Number of protein chains: 4
Amino acid sequence: MNRNNEDYRAPPIPALTKDLLEDVKKIFKTTTGTPFLIPTTGTGAWESALTNTLSPGDRIVSFLIGQFSLLWIDQQKRLRFNVDVVESEWGQGANLEILAEKIAADRAHTIKAVCIVHNETATGVTNNLAAVRRILDEYRHPALYLVDGVSSICALDFRMDEWGVDVALTGSQKALSLPTGMGIVCASPKALEASKSAQSVRFFFDWNDYLKFYKLGTFWPYTPSVQLLHGMRAALDIIFEEGLDHVIERHSRLGKATRLAVEAWGLKNCTQREEWFSDTVTAVVVPPYIDSTEIVKRAWKRYNLSLGLGLNKVAGKVFRIGHLGHLNDLQLLGCLAGVEMVLKDVGYPVKMGSGVAAASSYLQNTIPLIPSRI
Amino acid sequence: MNRNNEDYRAPPIPALTKDLLEDVKKIFKTTTGTPFLIPTTGTGAWESALTNTLSPGDRIVSFLIGQFSLLWIDQQKRLRFNVDVVESEWGQGANLEILAEKIAADRAHTIKAVCIVHNETATGVTNNLAAVRRILDEYRHPALYLVDGVSSICALDFRMDEWGVDVALTGSQKALSLPTGMGIVCASPKALEASKSAQSVRFFFDWNDYLKFYKLGTFWPYTPSVQLLHGMRAALDIIFEEGLDHVIERHSRLGKATRLAVEAWGLKNCTQREEWFSDTVTAVVVPPYIDSTEIVKRAWKRYNLSLGLGLNKVAGKVFRIGHLGHLNDLQLLGCLAGVEMVLKDVGYPVKMGSGVAAASSYLQNTIPLIPSRI
Amino acid sequence: MNRNNEDYRAPPIPALTKDLLEDVKKIFKTTTGTPFLIPTTGTGAWESALTNTLSPGDRIVSFLIGQFSLLWIDQQKRLRFNVDVVESEWGQGANLEILAEKIAADRAHTIKAVCIVHNETATGVTNNLAAVRRILDEYRHPALYLVDGVSSICALDFRMDEWGVDVALTGSQKALSLPTGMGIVCASPKALEASKSAQSVRFFFDWNDYLKFYKLGTFWPYTPSVQLLHGMRAALDIIFEEGLDHVIERHSRLGKATRLAVEAWGLKNCTQREEWFSDTVTAVVVPPYIDSTEIVKRAWKRYNLSLGLGLNKVAGKVFRIGHLGHLNDLQLLGCLAGVEMVLKDVGYPVKMGSGVAAASSYLQNTIPLIPSRI
Amino acid sequence: MNRNNEDYRAPPIPALTKDLLEDVKKIFKTTTGTPFLIPTTGTGAWESALTNTLSPGDRIVSFLIGQFSLLWIDQQKRLRFNVDVVESEWGQGANLEILAEKIAADRAHTIKAVCIVHNETATGVTNNLAAVRRILDEYRHPALYLVDGVSSICALDFRMDEWGVDVALTGSQKALSLPTGMGIVCASPKALEASKSAQSVRFFFDWNDYLKFYKLGTFWPYTPSVQLLHGMRAALDIIFEEGLDHVIERHSRLGKATRLAVEAWGLKNCTQREEWFSDTVTAVVVPPYIDSTEIVKRAWKRYNLSLGLGLNKVAGKVFRIGHLGHLNDLQLLGCLAGVEMVLKDVGYPVKMGSGVAAASSYLQNTIPLIPSRI
């Protein structure tokens with residue numbers, strides 16, 4: 001990425017973009033989807049998904065299970081949709097029974113879309129996307145299926161076509177390990193069709209302008225960051241070299257190792273059931289006499305370790321260990337050792353080395369996958 | 001900018017942001033304005049300016065003088081404003097007489113905003129911003145004054161406070177010479193006040209979320225590109241080291257030199273009057289028997305020189321020489337020498353060296369300002 | 001360092017060099033020494049130290065305690081000095097009793113220099129430099145005192161002036177954490193005096209050419225790497241920001257933590273006595289039924305962890321853990337966790353987590369020093 | 001090159017080195033030569049060439065034609081060779097008639113080597129290497145043939161095998177456009193044979209240690225700069241993409257264009273005959289009433305343009321324009337425009353634009369070669 005600006009209308013950038021658009025479909029596991037690489041953040045990607053497919057007043061079902069789903073719902077409301085919120089206790093996954101009831105009851109098809117966060121970063125909960133599709137199919141309900149894959153796509157198992165997802169999205173700074181600045185949105189043919197009649201006012205996020213320039217072969221309705229495009233090329237090359245399935249397997253190993261460490265420390269996972277365990281982030285509940293904010297502060301200050309704060313309802317009660325992106329065994333173990341030292345430091349009676357021992361015993365038994373060295 | 005991702009909630013990023021927000025006011029020449037550094041492009045910055053201050057149906061006066069003002073007007077219309085377009089021939093500046101008439105006639109204050117592009121990149125026309133303010137003041141008209149400064153701010157003389165501009169905006173990839181990805185918007189107190197009642201639907205671009213996080217001292221409602229923040233720090237340091245006034249003077253020298261070269265080649269400036277000459281881009285009219293597109297193509301292919309295409313109405317008739325950003329005398333002269341070779345190559349009877357001679361004779365007589373070497 | 005080539009005769013490079021030469025004295029703890037920044041490696045720095053101060057046939061006392069002292073002695077012999085080798089068992093420090101005997105016996109002052117490696121990287125042995133000076137002083141012996149500080153200076157306590165060292169040297173790729181390519185040599189006034197009569201044939205490494213250009217104020221007899229000069233500026237800034245004493249303390253903490261881990265694993269330190277323990281590298285002896293080479297291979301292949309091989313006499317018997325340079329607690333702990341996994345993997349009955357527990361229990365009780373965060 | 005240090009003993013570095021050694025032969029146009037990539041500068045490469053093939057007292061013929069040949073001769077003398085200097089006036093090439101006489105007279109083969117600088121950077125003189133070989137062949141003289149190709153190899157036509165060169169050398173910072181720090185030396189089988197009996201004292205520069213590690217497949221007797229190795233990989237890839245012959249042709253175009261500009265300015269080329277004109281550097285003689293040093297100073301200060309000073313005998317009389325490395329038409333023309341402005345500035349009555357016109361008229365008639373765009 002470390003290069004000068006280039007003219008995005010000169011031949012190399014369209015050629016680069018064309019290849020990226022083809023390759024980005026692979027990380028969504030779609031052949032029929034149309035990707036958009038938008039100069040924005042995840043929040044902008046959300047806006048793109050909603051405003052291109054829906055009209056003000058449209059009824060949408062949206063699951064509230066943590067801070068990021070809460071923010072998305074806030075956006076949905078402020079963009080004037082009629083949001084039917086299905087709330088779960090923080091630490092639980094989306095309540096699909098209520099979804100099933102609502103879908104079953106909605107013979108008139110007033111529900112225009114179902115919105116779900118694949119992986120709720122605030123609580124470390126991964127939702128069952130295949131199950132949502134099964135419910136929609138069971139009732140042959142035509143609602144659009146919109147998925148926030150910000151902290152999942154390219155790290156967790158995600159299958160756009162197989163699961164019939166209509167709009168999926170992620171951001172450059174997550175599993176692709178790039179700087180922030182590119183919202184990556186992928187639309188199914190059904191979503192593109194919906195965009196033709198969607199009445200939400202939009203311009204910057206309008207897919208139509210992109211589609212117009214796709215046809216012209218120049219690809220960009222306005223100036224992209226050519227540095228991010230080159231960075232994305234490199235990130236995809238690294239991912240494809242390791243193999244997307246290996247990348248997902250690696251996240252699975254590291255997620256499991258982290259949970260074993262948490263267990264060894266005698267602490268509780270904020271995620272209430274195993275089926276929801278996230279392989280990209282683990283939210284850890286601290287005992288009532290400890291302020292999790294202090295853990296995050298000290299980890300950063302003493303060990304240059306960035307843990308996640310407990311957000312909103314779980315503020316002070318939870319801290320989060322991220323294990324997403326270009327991360328290997330030893331980096332995770334170093335991080336777990338740091339957490340142990342901080343736990344001790346704030347007065348939690350952790351047995352030093354216990355979490356690392358649990359994690360490394362597991363990791364040692366499975367073969368890590370460093371691509372060029374196998 | 002060449003650094004790893006950092007946690008944008010950890011202490012260094014808010015501290016960095018705070019300083020940037022203070023310093024960015026200097027390039028707008030404002031002390032009362034509030035800046036927003038939005039992860040978007042110039043197009044998104046436009047959208048931010050419009051949706052935060054206006055409501056659908058609002059009457060706005062907007063000047064159409066070239067491709068970029070055309071695109072902004074397209075956005076204004078699609079965002080459902082009632083756009084009162086004041087069109088000029090391409091190559092002319094904004095028709096301020098018509099503005100004066102409209103303002104004079106609008107005793108009911110139905111005009112909610114006047115929108116103007118400071119420097120129209122397609123035709124190399126710089127509008128007289130002070131004159132617009134004089135007209136508004138003359139009739140004590142309360143319309144908001146919105147300025148697209150994408151290809152001007154930090155390169156041309158721009159004075160937000162003195163000229164009573166309510167929203168001004170630029171992008172990171174222009175005079176700051178950074179990668180694309182940051183829309184820089186600055187709002188006057190009056191614009192902030194307007195944002196409280198503006199009815200345009202918005203979320204990603206909503207200033208209110210920024211203001212909320214400004215108060216909290218964490219500054220960011222969603223993830224910024226920390227690389228761009230560090231890049232902006234470096235870009236501002238470079239600009240302040242040279243001195244903003246020296247930067248503007250340097251653009252003035254290079255603009256003048258370019259126009260002298262065009263004259264020496266016997267070609268016409270697309271800009272029809274001297275008062276509108278732009279110091280950041282020069283649009284050159286080619287004779288009817290030459291296709292300007294061919295000039296741009298060959299310049300890139302043969303000499304790795306990026307010229308600008310003629311856009312829309314002036315397609316094929318005009319090519320553009322950019323002289324914006326971190327550029328020095330010799331880079332400009334090399335570029336002019338390249339243009340000469342391409343002109344010859346496409347059959348225009350240019351006298352080789354004539355443009356360079358005119359430009360360098362002028363430049364040699366004035367002292368270039370390389371800061372640390374004076 | 002990521003910058004274009006610059007003309008090393010233009011004003012900025014001499015100015016940069018001048019400051020570097022002043023600042024580099026601080027890491028040698030000298031005010032009277034003269035530093036040379038030679039475009040070479042540690043091996044070239046050795047050659048510079050020897051050929052500038054000695055003449056072929058000169059008798060020198062040199063300590064053989066491991067692979068790097070062995071290589072230096074090989075160089076001393078091939079450069080035609082008369083090397084009086086004082087050998088110790090690998091894992092022991094320099095035998096200073098024998099030195100004392102030789103110095104005591106040398107009333108005719110036939111010994112022209114004493115050569116010692118401060119920190120023998122192959123065995124993790126740190127020699128007592130102050131004691132060498134005491135011996136020389138006791139007998140008022142005028143021998144030059146030459147010290148290889150490649151893996152010590154800027155990480156271990158080193159005091160050129162206080163210990164009366166005549167030539168000390170290091171390389172850019174060690175404690176400064178820069179790329180290889182700069183040999184950093186510092187000469188006492190006595191060494192400079194000796195250089196006037198030293199008969200060793202030399203040109204590239206001749207200090208005299210440097211001194212000539214120092215006087216001219218242009219500093220370089222031939223082209224330096226301007227990138228490395230800028231890199232050195234940055235490295236010194238980082239070190240001075242942390243504080244040289246804090247840097248040394250940090251190495252002391254990490255060295256101690258590593259040794260505690262080795263002990264917890266039930267393995268032996270190759271270094272036979274505590275007085276010789278090195279804070280920049282720990283050589284670990286493996287049981288006879290394990291090939292240490294296999295440990296190094298697997299660590300690299302499975303965990304992207306670079307351990308050091310056992311060299312020469314200790315090949316297959318020892319592996320080395322480096323803890324030198326820009327390293328923090330969690331990186332070390334991650335590394336130790338990796339070693340545990342590999343030990344288990346090659347059949348050593350390590351208790352998982354035991355080394356990390358021992359190291360982190362120690363580290364947790366002491367405050368790490370991250371400069372800007374204290 | 002912008003990457004972390006890597007363990008140079010881990011598998012990727014030997015693999016990288018192996019490929020580099022194969023590819024580097026191509027730029028020397030040799031199939032039988034053995035290359036050495038030494039962590040040093042051009043001066044060190046000279047030393048490597050001399051000390052590995054010759055013994056103190058050996059008679060060598062060496063041509064003095066400018067500052068760089070002078071420095072090499074100084075080295076030859078200080079390394080204790082018996083240097084038979086063949087001097088030419090500065091601005092002339094090597095006097096091959098005298099060489100022929102000496103070779104003819106030397107029936108006893110007392111001349112052990114002929115040393116010549118291919119391209120004398122101080123005066124812009126390129127020597128005729130093929131002619132030297134013809135002389136040696138005519139008299140069947142066995143002298144070694146040593147060539148300094150620092151400012152020629154990879155830019156001028158150089159044919160190691162065809163011309164029977166025994167040692168050729170260059171540096172990373174010249175035609176390869178890398179940072180300084182790698183001396184690239186290539187030895188013929190005859191030179192390798194000579195190294196077995198050469199009595200010059202050497203260690204750091206000893207080829208034998210390299211050859212030993214080549215056999216082991218680990219390649220490095222001491223630590224290389226892995227960053228420079230990766231940089232060299234990139235530099236060679238860029239050169240091979242353009243095509244070595246195209247690179248040489250490009251230098252030929254730019255050299256010719258520069259000379260046409262000098263002629264147009266009414267100034268004299270320091271190089272006295274066309275047969276010696278250099279395509280990598282042009283030394284320009286200024287009229288007696290102008291101090292060329294002032295030209296160099298102002299070019300740097302005003303225009304950030306690095307010209308070369310006149311050195312030694314031509315100090316104040318000559319300035320030099322470099323046209324070596326990764327340079328294109330417009331960069332050269334910008335540089336020539338800068339020279340014109342400075343000439344005017346110091347009082348020389350140059351016709352502005354005249355040099356650029358002459359150069360660009362020539363360049364415009366020939367097709368520049370930008371590889372991926374043809």
# chains A, B, ... in the order shown; residues from 1 in each chain; ligands from 1
$ residues_around --residues "stretch 175-187 of chain D" --least-positions-apart "6" --cutoff "6 Å" --atoms "only C-alpha atoms" --output "ChimeraX atom specification"
/C:225 /D:33-42,45,154-155,166-169,235,324-325
$ residues_around --residues "D:Asp245" --least-positions-apart "6" --cutoff "12 Å" --atoms "only C-alpha atoms" --output "list in words"
Lys26, Ile27, Lys29, Ile153, Cys154, Ala155, Leu156, Asp157, Phe158, Arg159, Ile239, His251, Ser252, Leu369 and Pro371 of chain D
$ write_last_selection --atoms "all heavy atoms" --output "compact mmCIF listing (two decimals), in the first residue's frame"
# COMPACT_ATOMS: atom_id res chain seq x y z
N LYS D 26 23.26 -12.22 -14.92
CA LYS D 26 22.72 -11.69 -16.18
C LYS D 26 23.10 -10.23 -16.38
O LYS D 26 23.33 -9.80 -17.50
CB LYS D 26 21.19 -11.83 -16.18
CG LYS D 26 20.73 -13.28 -16.18
CD LYS D 26 19.21 -13.38 -16.10
CE LYS D 26 18.80 -14.83 -15.79
NZ LYS D 26 17.40 -14.90 -15.34
N ILE D 27 23.14 -9.47 -15.29
CA ILE D 27 23.45 -8.05 -15.50
C ILE D 27 24.95 -7.86 -15.77
O ILE D 27 25.35 -6.82 -16.28
CB ILE D 27 22.97 -7.14 -14.33
CG1 ILE D 27 23.70 -7.46 -13.03
CG2 ILE D 27 21.46 -7.28 -14.14
CD1 ILE D 27 23.39 -6.45 -11.93
N LYS D 29 26.35 -10.03 -17.73
CA LYS D 29 26.48 -10.83 -18.97
C LYS D 29 27.60 -11.87 -18.84
O LYS D 29 28.58 -11.86 -19.60
CB LYS D 29 26.66 -9.92 -20.19
CG LYS D 29 25.38 -9.12 -20.46
CD LYS D 29 25.19 -8.69 -21.90
CE LYS D 29 23.84 -8.01 -22.06
NZ LYS D 29 23.87 -6.90 -23.02
N ILE D 153 27.54 -0.68 -14.93
CA ILE D 153 26.85 -1.97 -15.05
C ILE D 153 25.36 -1.83 -14.79
O ILE D 153 24.95 -1.24 -13.81
CB ILE D 153 27.51 -3.02 -14.12
CG1 ILE D 153 28.87 -3.41 -14.70
CG2 ILE D 153 26.64 -4.24 -13.93
CD1 ILE D 153 29.76 -4.19 -13.76
N CYS D 154 24.59 -2.36 -15.70
CA CYS D 154 23.13 -2.31 -15.65
C CYS D 154 22.60 -1.02 -16.27
O CYS D 154 21.41 -0.76 -16.22
CB CYS D 154 22.62 -2.44 -14.22
SG CYS D 154 21.34 -3.64 -14.08
N ALA D 155 23.48 -0.22 -16.85
CA ALA D 155 23.05 1.03 -17.48
C ALA D 155 23.75 1.20 -18.83
O ALA D 155 23.16 1.61 -19.80
CB ALA D 155 23.35 2.22 -16.58
N LEU D 156 25.04 0.84 -18.86
CA LEU D 156 25.78 0.86 -20.11
C LEU D 156 25.99 -0.58 -20.57
O LEU D 156 25.84 -1.52 -19.80
CB LEU D 156 27.15 1.53 -19.90
CG LEU D 156 27.16 2.94 -19.32
CD1 LEU D 156 28.58 3.49 -19.28
CD2 LEU D 156 26.25 3.86 -20.13
N ASP D 157 26.34 -0.71 -21.83
CA ASP D 157 26.62 -2.03 -22.39
C ASP D 157 27.87 -2.61 -21.72
O ASP D 157 28.95 -2.04 -21.81
CB ASP D 157 26.86 -1.85 -23.90
CG ASP D 157 26.98 -3.19 -24.60
OD1 ASP D 157 26.49 -4.20 -24.07
OD2 ASP D 157 27.59 -3.21 -25.69
N PHE D 158 27.69 -3.71 -21.03
CA PHE D 158 28.81 -4.35 -20.35
C PHE D 158 28.74 -5.85 -20.56
O PHE D 158 27.70 -6.46 -20.35
CB PHE D 158 28.79 -4.03 -18.85
CG PHE D 158 29.91 -4.68 -18.10
CD1 PHE D 158 31.18 -4.12 -18.10
CD2 PHE D 158 29.73 -5.90 -17.46
CE1 PHE D 158 32.24 -4.75 -17.46
CE2 PHE D 158 30.78 -6.53 -16.81
CZ PHE D 158 32.04 -5.95 -16.82
N ARG D 159 29.87 -6.46 -20.99
CA ARG D 159 29.85 -7.87 -21.36
C ARG D 159 31.04 -8.59 -20.74
O ARG D 159 32.11 -8.69 -21.35
CB ARG D 159 29.93 -8.00 -22.88
CG ARG D 159 28.92 -7.14 -23.59
CD ARG D 159 29.04 -7.23 -25.09
NE ARG D 159 28.17 -6.23 -25.70
CZ ARG D 159 27.86 -6.19 -26.98
NH1 ARG D 159 28.37 -7.10 -27.81
NH2 ARG D 159 27.06 -5.25 -27.46
N ILE D 239 14.10 -4.39 -13.64
CA ILE D 239 15.01 -4.32 -14.78
C ILE D 239 14.70 -5.39 -15.82
O ILE D 239 14.65 -5.12 -17.02
CB ILE D 239 16.47 -4.43 -14.28
CG1 ILE D 239 16.89 -3.09 -13.66
CG2 ILE D 239 17.43 -4.82 -15.40
CD1 ILE D 239 18.12 -3.16 -12.80
N HIS D 251 19.12 4.54 -21.30
CA HIS D 251 20.23 5.38 -20.88
C HIS D 251 20.90 6.06 -22.07
O HIS D 251 21.34 7.21 -21.99
CB HIS D 251 21.26 4.55 -20.09
CG HIS D 251 20.85 4.29 -18.68
ND1 HIS D 251 20.06 3.21 -18.32
CD2 HIS D 251 21.05 4.98 -17.53
CE1 HIS D 251 19.83 3.24 -17.02
NE2 HIS D 251 20.42 4.30 -16.51
N SER D 252 20.96 5.35 -23.17
CA SER D 252 21.56 5.91 -24.37
C SER D 252 20.75 7.11 -24.87
O SER D 252 21.30 8.16 -25.21
CB SER D 252 21.66 4.80 -25.43
OG SER D 252 21.86 5.34 -26.70
N LEU D 369 10.53 3.76 -23.74
CA LEU D 369 10.12 2.39 -23.48
C LEU D 369 9.63 2.26 -22.05
O LEU D 369 10.42 2.06 -21.13
CB LEU D 369 11.30 1.47 -23.74
CG LEU D 369 11.82 1.58 -25.19
CD1 LEU D 369 13.29 1.29 -25.26
CD2 LEU D 369 11.02 0.67 -26.11
N PRO D 371 7.80 -0.24 -19.99
CA PRO D 371 7.56 -1.64 -20.32
C PRO D 371 6.10 -2.02 -20.43
O PRO D 371 5.63 -2.42 -21.48
CB PRO D 371 8.25 -2.40 -19.20
CG PRO D 371 8.62 -1.40 -18.17
CD PRO D 371 8.63 -0.07 -18.81
$ residues_around --residues "A:Leu54" --least-positions-apart "5" --cutoff "10 Å" --atoms "only C-alpha atoms" --output "MDAnalysis selection string"
chainID A and resid 49 59:60 79 81 112:113 144 191 194:201
$ select_by_dssp --residues "stretch 75-140 of chain B" --states "strand (DSSP E or B)" --output "MDAnalysis selection string"
chainID B and resid 82:87 90 92 111:117 119:120 125:126
$ write_last_selection --atoms "N, CA and C atoms" --output "PDB file, in the first residue's frame"
ATOM      1  N   ASN B  82     -34.856  21.405  -3.978  1.00  0.00           N
ATOM      2  CA  ASN B  82     -35.435  22.148  -5.081  1.00  0.00           C
ATOM      3  C   ASN B  82     -34.331  23.063  -5.622  1.00  0.00           C
ATOM      4  N   VAL B  83     -33.640  22.574  -6.672  1.00  0.00           N
ATOM      5  CA  VAL B  83     -32.418  23.243  -7.096  1.00  0.00           C
ATOM      6  C   VAL B  83     -32.691  24.286  -8.181  1.00  0.00           C
ATOM      7  N   ASP B  84     -32.314  25.466  -7.877  1.00  0.00           N
ATOM      8  CA  ASP B  84     -32.458  26.598  -8.795  1.00  0.00           C
ATOM      9  C   ASP B  84     -31.086  26.759  -9.473  1.00  0.00           C
ATOM     10  N   VAL B  85     -30.958  26.164 -10.668  1.00  0.00           N
ATOM     11  CA  VAL B  85     -29.647  26.089 -11.316  1.00  0.00           C
ATOM     12  C   VAL B  85     -29.322  27.377 -12.079  1.00  0.00           C
ATOM     13  N   VAL B  86     -28.160  27.921 -11.815  1.00  0.00           N
ATOM     14  CA  VAL B  86     -27.689  29.090 -12.568  1.00  0.00           C
ATOM     15  C   VAL B  86     -26.536  28.615 -13.447  1.00  0.00           C
ATOM     16  N   GLU B  87     -26.829  28.519 -14.741  1.00  0.00           N
ATOM     17  CA  GLU B  87     -25.860  27.900 -15.635  1.00  0.00           C
ATOM     18  C   GLU B  87     -25.019  28.962 -16.351  1.00  0.00           C
ATOM     19  N   TRP B  90     -19.494  26.620 -20.242  1.00  0.00           N
ATOM     20  CA  TRP B  90     -18.319  25.996 -19.646  1.00  0.00           C
ATOM     21  C   TRP B  90     -17.074  26.805 -20.031  1.00  0.00           C
ATOM     22  N   GLN B  92     -16.647  29.659 -18.230  1.00  0.00           N
ATOM     23  CA  GLN B  92     -16.949  30.902 -17.521  1.00  0.00           C
ATOM     24  C   GLN B  92     -17.156  30.600 -16.040  1.00  0.00           C
ATOM     25  N   ILE B 111     -34.960  31.060  -0.562  1.00  0.00           N
ATOM     26  CA  ILE B 111     -33.664  30.434  -0.861  1.00  0.00           C
ATOM     27  C   ILE B 111     -32.989  30.079   0.452  1.00  0.00           C
ATOM     28  N   LYS B 112     -32.757  28.771   0.638  1.00  0.00           N
ATOM     29  CA  LYS B 112     -32.189  28.331   1.914  1.00  0.00           C
ATOM     30  C   LYS B 112     -30.670  28.229   1.863  1.00  0.00           C
ATOM     31  N   ALA B 113     -30.147  28.061   0.642  1.00  0.00           N
ATOM     32  CA  ALA B 113     -28.685  27.949   0.546  1.00  0.00           C
ATOM     33  C   ALA B 113     -28.211  28.316  -0.843  1.00  0.00           C
ATOM     34  N   VAL B 114     -26.996  28.832  -0.873  1.00  0.00           N
ATOM     35  CA  VAL B 114     -26.303  29.058  -2.142  1.00  0.00           C
ATOM     36  C   VAL B 114     -25.120  28.087  -2.165  1.00  0.00           C
ATOM     37  N   CYS B 115     -25.054  27.275  -3.248  1.00  0.00           N
ATOM     38  CA  CYS B 115     -24.004  26.254  -3.360  1.00  0.00           C
ATOM     39  C   CYS B 115     -23.071  26.612  -4.518  1.00  0.00           C
ATOM     40  N   ILE B 116     -21.799  26.611  -4.239  1.00  0.00           N
ATOM     41  CA  ILE B 116     -20.854  27.000  -5.282  1.00  0.00           C
ATOM     42  C   ILE B 116     -19.562  26.190  -5.160  1.00  0.00           C
ATOM     43  N   VAL B 117     -19.036  25.834  -6.321  1.00  0.00           N
ATOM     44  CA  VAL B 117     -17.739  25.169  -6.371  1.00  0.00           C
ATOM     45  C   VAL B 117     -16.667  26.261  -6.450  1.00  0.00           C
ATOM     46  N   ASN B 119     -13.432  26.032  -7.050  1.00  0.00           N
ATOM     47  CA  ASN B 119     -12.574  25.846  -8.218  1.00  0.00           C
ATOM     48  C   ASN B 119     -13.127  24.678  -9.037  1.00  0.00           C
ATOM     49  N   GLU B 120     -13.657  24.969 -10.207  1.00  0.00           N
ATOM     50  CA  GLU B 120     -14.227  23.937 -11.072  1.00  0.00           C
ATOM     51  C   GLU B 120     -13.083  23.236 -11.806  1.00  0.00           C
ATOM     52  N   VAL B 125     -11.698  26.859 -13.671  1.00  0.00           N
ATOM     53  CA  VAL B 125     -12.319  28.145 -13.347  1.00  0.00           C
ATOM     54  C   VAL B 125     -12.384  28.323 -11.830  1.00  0.00           C
ATOM     55  N   THR B 126     -11.879  29.453 -11.360  1.00  0.00           N
ATOM     56  CA  THR B 126     -11.981  29.764  -9.934  1.00  0.00           C
ATOM     57  C   THR B 126     -13.026  30.859  -9.737  1.00  0.00           C
TER      58      THR B 126
END
$ residues_around --residues "C:Tyr362" --least-positions-apart "3" --cutoff "12 Å" --atoms "only C-alpha atoms" --output "ChimeraX atom specification"
/A:341,344,352-353 /C:252-261,329,333,355-359,365-368
$ residues_around --residues "A:Trp220" --least-positions-apart "4" --cutoff "10 Å" --atoms "only C-alpha atoms" --output "ChimeraX atom specification"
/A:8-9,13-14,17,36-38,209-214,216,224
$ write_last_selection --atoms "C-alpha atoms" --output "PDB file, in the first residue's frame"
ATOM      1  CA  TYR A   8      -7.708   6.189 -10.985  1.00  0.00           C
ATOM      2  CA  ARG A   9      -8.847   6.769 -14.536  1.00  0.00           C
ATOM      3  CA  ILE A  13      -6.742   0.897 -11.746  1.00  0.00           C
ATOM      4  CA  PRO A  14      -9.756  -0.430 -13.677  1.00  0.00           C
ATOM      5  CA  THR A  17     -10.487  -3.298  -9.699  1.00  0.00           C
ATOM      6  CA  PHE A  36     -19.242  -2.954  -4.129  1.00  0.00           C
ATOM      7  CA  LEU A  37     -16.022  -1.569  -2.658  1.00  0.00           C
ATOM      8  CA  ILE A  38     -17.191   1.654  -1.054  1.00  0.00           C
ATOM      9  CA  ASP A 209     -23.859   4.775  -9.899  1.00  0.00           C
ATOM     10  CA  TYR A 210     -21.444   1.910  -9.346  1.00  0.00           C
ATOM     11  CA  LEU A 211     -23.363  -0.325 -11.747  1.00  0.00           C
ATOM     12  CA  LYS A 212     -23.281   2.415 -14.380  1.00  0.00           C
ATOM     13  CA  PHE A 213     -19.498   2.662 -14.127  1.00  0.00           C
ATOM     14  CA  TYR A 214     -19.132  -1.150 -14.006  1.00  0.00           C
ATOM     15  CA  LEU A 216     -18.431   1.531 -18.686  1.00  0.00           C
ATOM     16  CA  PRO A 224     -11.274   5.391  -4.605  1.00  0.00           C
TER      17      PRO A 224
END
$ atom_distance --atom1 "atom CA of D:Trp163" --atom2 "atom CA of D:Phe28"
10.9 Å
$ residues_around --residues "stretch 127-142 of chain B" --least-positions-apart "4" --cutoff "6 Å" --atoms "only C-alpha atoms" --output "PyMOL selection string"
chain B and resi 93+100+118+163
$ write_last_selection --atoms "N, CA and C atoms" --output "PDB file, in the first residue's frame"
ATOM      1  N   GLY B  93     -17.056  31.625 -15.232  1.00  0.00           N
ATOM      2  CA  GLY B  93     -17.312  31.483 -13.810  1.00  0.00           C
ATOM      3  C   GLY B  93     -18.798  31.561 -13.504  1.00  0.00           C
ATOM      4  N   ALA B 100     -27.398  37.796  -7.908  1.00  0.00           N
ATOM      5  CA  ALA B 100     -27.827  39.057  -7.284  1.00  0.00           C
ATOM      6  C   ALA B 100     -29.311  39.305  -7.546  1.00  0.00           C
ATOM      7  N   HIS B 118     -15.752  26.273  -5.498  1.00  0.00           N
ATOM      8  CA  HIS B 118     -14.733  27.325  -5.515  1.00  0.00           C
ATOM      9  C   HIS B 118     -13.894  27.227  -6.781  1.00  0.00           C
ATOM     10  N   TRP B 163     -15.165  35.390   4.644  1.00  0.00           N
ATOM     11  CA  TRP B 163     -16.161  35.351   3.573  1.00  0.00           C
ATOM     12  C   TRP B 163     -17.510  34.807   4.037  1.00  0.00           C
TER      13      TRP B 163
END
